[in-house]
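Quick notes on the structure that follows.
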Number of protein chains: 2
Amino acid sequence: MFGRVSETQNVETFRGRSVPAYQRIATAIRDKIVSGELAGGEQLPTELELAEQWGVARQTVRNGIAVLVSEGLVVAKRPLGHFVRKRENMLYRPQGESRDQPVSPEMDRFYQQITEEGRVPSQTIDVSLVQATPDIAQRLRVDPGTVVVARRRVRYINGEPININDSHFPLDIVKDSEVMLPADVARGTNQVLADLGYPQDRAIDEIYTRMPTPEQIHRLGLGPGTPVAVHYVTGYVADGTPVRCTVNVLPSDQHVIVFERKFERTWS
Amino acid sequence: MFGRVSETQNVETFRGRSVPAYQRIATAIRDKIVSGELAGGEQLPTELELAEQWGVARQTVRNGIAVLVSEGLVVAKRPLGHFVRKRENMLYRPQGESRDQPVSPEMDRFYQQITEEGRVPSQTIDVSLVQATPDIAQRLRVDPGTVVVARRRVRYINGEPININDSHFPLDIVKDSEVMLPADVARGTNQVLADLGYPQDRAIDEIYTRMPTPEQIHRLGLGPGTPVAVHYVTGYVADGTPVRCTVNVLPSDQHVIVFERKFERTWS
């Protein structure tokens with residue numbers, strides 16, 4: 001045991017309680033991941049290396065790493081070892097639908113690494129008539145159970161499902177339009193709504209964070225410890241009538257939601 | 001067994017695999033919670049009622065409910081029973097700092113139930129000099145390890161911690177200002193920055209979704225299945241220099257992040 005810390009000594013306290021070594025190992029590695037010191041895709045030291053470094057049994061190291069796997073920070077790639085989970089952080093910009101240019105050039109500098117170079121996007125679309133669930137009904141200001149049009153899309157990158165986008169429209173507005181067709185609408189459904197006499201002039205974005213449902217886990221192929229952001233967009237025409245409610249489900253390991261704001265109040 | 005479905009029959013299939021009864025019970029209840037049919041705070045039927053309704057053993061019902069507890073959708077309140085978790089959905093509006101009035105009156109109608117009537121807010125503030133972690137350094141465009149000023153706040157409602165807000169500033173900008181004092185700045189730190197010659201005119205908001213770290217679980221008193229939204233705000237002055245980076249940690253069961261957008265492109 002010369003030159004090593006024995007396991008019984010290898011205990012610190014946190015608010016008066018002793019912290020087991022496996023948790024301290026998890027904390028040390030987690031801190032490096034969360035702060036960015038250990039980057040996505042980087043390999044962790046081997047179990048043996050960590051066991052020697054911390055002066056603990058390999059099983060203790062394994063327990064520490066298991067905590068990080070359950071938190072979604074580390075992935076096991078057998079037989080290679082453990083790696084910091086690569087968060088793709090695909091740039092998801094709600095404002096993209098309502099303007100052509102970003103407000104500020106920081107946007108590009110900031111995320112230049114995220115461009116979809118060489119990545120192949122695709123999507124599936126199905127359209128159905130559904131009874132509005134209470135969350136949709138509230139936002140479209142109809143009674144729950146009212147029949148609305150649901151355009152459901154799953155988006156893929158390189159064949160892997162990446163997010164879910166379900167848009168809901170009042171039936172009487174879109175019933176004779178191409179919104180009803182289960183195919184891409186080249187000019188965009190917002191333009192179709194405008195052509196039908198319902199040009200949207202503003203939207204409310206709401207972002208909720210949740211653990212995924214089993215259906216979402218299945219549809220999106222989510223790993224352990226992967227919460228989702230649920231993003232509602234409700235679009236309004238000038239008189240305040242809601243004409244669209246979109247629900248986007250965005251896995252946490254693949255997306256960062258970004259807004260740019262010009263300050264309307266200035267400090268000077 | 002008259003009039004009941006026997007447990008072996010009580011199995012459906014999902015993509016060719018049979019789904020155990022406890023998962024089907026969880027799914028049925030979850031669907032009602034997610035859609036809003038079962039509201040936050042509502043009590044679930046008792047284990048006995050569910051067992052009779054589904055024609056299964058009480059343990060099967062218990063297993064189904066345990067799934068929902070781990071997902072953060074249901075809470076146990078012994079000896080009363082199980083309840084739909086009440087998501088407070090405190091309205092968190094990043095735009096609030098940069099303007100006085102919401103763009104649209106929907107805001108108020110939409111969330112009138114969320115006003116903090118009778119709720120008592122408070123906060124703790126500490127200020128320290130820290131070495132910028134890579135995430136902060138990248139956003140403030142300094143080298144990792146550069147000393148910056150960190151103003152760390154924990155906000156409470158009725159004495160319960162509700163979110164964490166840590167703002168980081170370049171040391172040379174704020175070193176002689178009240179930003180350094182561990183007390184509330186009545187005119188706001190953005191006004192202080194402006195008075196120092198650094199009026200911000202825009203910001204980038206980034207929203208990440210994660211499982212909380214143990215430190216966040218402890219500081220915020222988080223229950224099982226409670227992911228957090230991590231919201232970075234980077235504020236820029238007119239020449240594009242970042243002068244502030246705030247990190248907000250928002251528990252998922254207490255917050256909805258809301259933006260309002262005026263469409264800059266119109267469809268007509």
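Here, A, B, ... name the chains of the structure tokens in the order displayed, residue numbers run from 1 inside each chain, and ligands are numbered from 1 in the same displayed order.
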
>> Quick check: residues of chain A within 6 Å of chain B, only C-alpha atoms, returned as an MDAnalysis selection string.
In response: chainID A and resid 35:36 71 98:99 133:135 191 194 199 201:209 211 252 256:265 267:268

Any chance you could export the current selection's C-alpha atoms as a PDB file, in the first residue's frame?
```
ATOM      1  CA  SER A  35     -17.001  22.821 -17.100  1.00  0.00           C
ATOM      2  CA  GLY A  36     -15.812  21.673 -20.514  1.00  0.00           C
ATOM      3  CA  GLU A  71     -26.640  10.966 -15.579  1.00  0.00           C
ATOM      4  CA  SER A  98     -39.502  34.189 -38.812  1.00  0.00           C
ATOM      5  CA  ARG A  99     -36.447  35.871 -40.254  1.00  0.00           C
ATOM      6  CA  THR A 133     -55.506  17.200 -25.995  1.00  0.00           C
ATOM      7  CA  PRO A 134     -55.921  19.772 -23.205  1.00  0.00           C
ATOM      8  CA  ASP A 135     -52.451  21.250 -23.759  1.00  0.00           C
ATOM      9  CA  GLN A 191     -46.896  30.893 -45.903  1.00  0.00           C
ATOM     10  CA  ALA A 194     -50.881  33.583 -44.776  1.00  0.00           C
ATOM     11  CA  PRO A 199     -50.639  35.745 -41.624  1.00  0.00           C
ATOM     12  CA  ASP A 201     -47.307  38.299 -36.790  1.00  0.00           C
ATOM     13  CA  ARG A 202     -46.061  36.935 -33.478  1.00  0.00           C
ATOM     14  CA  ALA A 203     -45.505  33.766 -31.516  1.00  0.00           C
ATOM     15  CA  ILE A 204     -45.074  32.649 -27.950  1.00  0.00           C
ATOM     16  CA  ASP A 205     -42.347  30.088 -27.240  1.00  0.00           C
ATOM     17  CA  GLU A 206     -42.605  27.952 -24.127  1.00  0.00           C
ATOM     18  CA  ILE A 207     -39.853  25.570 -23.136  1.00  0.00           C
ATOM     19  CA  TYR A 208     -40.441  22.757 -20.655  1.00  0.00           C
ATOM     20  CA  THR A 209     -37.856  20.251 -19.504  1.00  0.00           C
ATOM     21  CA  MET A 211     -37.860  13.080 -18.640  1.00  0.00           C
ATOM     22  CA  SER A 252     -31.022  17.035 -24.505  1.00  0.00           C
ATOM     23  CA  VAL A 256     -29.176  23.586 -27.747  1.00  0.00           C
ATOM     24  CA  ILE A 257     -32.020  26.047 -28.114  1.00  0.00           C
ATOM     25  CA  VAL A 258     -30.767  29.484 -29.048  1.00  0.00           C
ATOM     26  CA  PHE A 259     -32.452  32.849 -29.154  1.00  0.00           C
ATOM     27  CA  GLU A 260     -30.987  36.222 -29.966  1.00  0.00           C
ATOM     28  CA  ARG A 261     -32.434  39.302 -28.393  1.00  0.00           C
ATOM     29  CA  LYS A 262     -32.005  42.923 -29.276  1.00  0.00           C
ATOM     30  CA  PHE A 263     -32.483  44.863 -26.096  1.00  0.00           C
ATOM     31  CA  GLU A 264     -35.513  47.067 -26.421  1.00  0.00           C
ATOM     32  CA  ARG A 265     -34.560  48.988 -23.349  1.00  0.00           C
ATOM     33  CA  TRP A 267     -28.964  51.349 -20.454  1.00  0.00           C
ATOM     34  CA  SER A 268     -27.059  54.519 -21.063  1.00  0.00           C
TER      35      SER A 268
END
```

>> So that I can see what lies close to B:Val174, please list as a list in words the residues with an atom at most 8 Å from it, counting only C-alpha atoms and leaving out residues fewer than 4 positions away in the same chain.
In response: Val149, Phe169, Pro170, Glu178, Val179, Met180, Leu193 and Leu196 of chain B

> Which value, in Å to one decimal, gives the distance between atom CA of A:Ala51 and atom CA of A:Tyr22?
Replying inline: 10.3 Å

>> I need the helix (DSSP H, G or I) residues of stretch 16-256 of chain A per DSSP on the backbone, written as a PyMOL selection string.
In response: chain A and resi 21-35+47-54+58-70+94-98+106-110+112-114+134-140+171-174+178-180+189-195+214-220

> Using the chain letters and numbers from this document, which residues of stretch 2-245 of chain A does DSSP assign to strand (DSSP E), as a ChimeraX atom specification?
Replying inline: /A:12-14,17-19,74-77,81-84,90-92,121-131,147-157,160-170,200-210,228-237,242-245

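When only C-alpha atoms are used to measure the gap to B:Val249, the shortest distance among B:Glu47, B:Glu42, B:Asp166, B:Glu160 belongs to B:Asp166.
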
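In terms of minimum interatomic distance to A:Ala76, A:Gln43 ranks closest within A:Thr146, A:Thr189, A:Gln43, A:Asn248, counting only C-alpha atoms.
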
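Atom pair atom CA of A:Leu80 / atom CA of A:Pro20: separated by 27.0 Å.
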
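From atom CA of B:Leu222 back to atom CA of A:Ile25, the distance works out to 21.7 Å.
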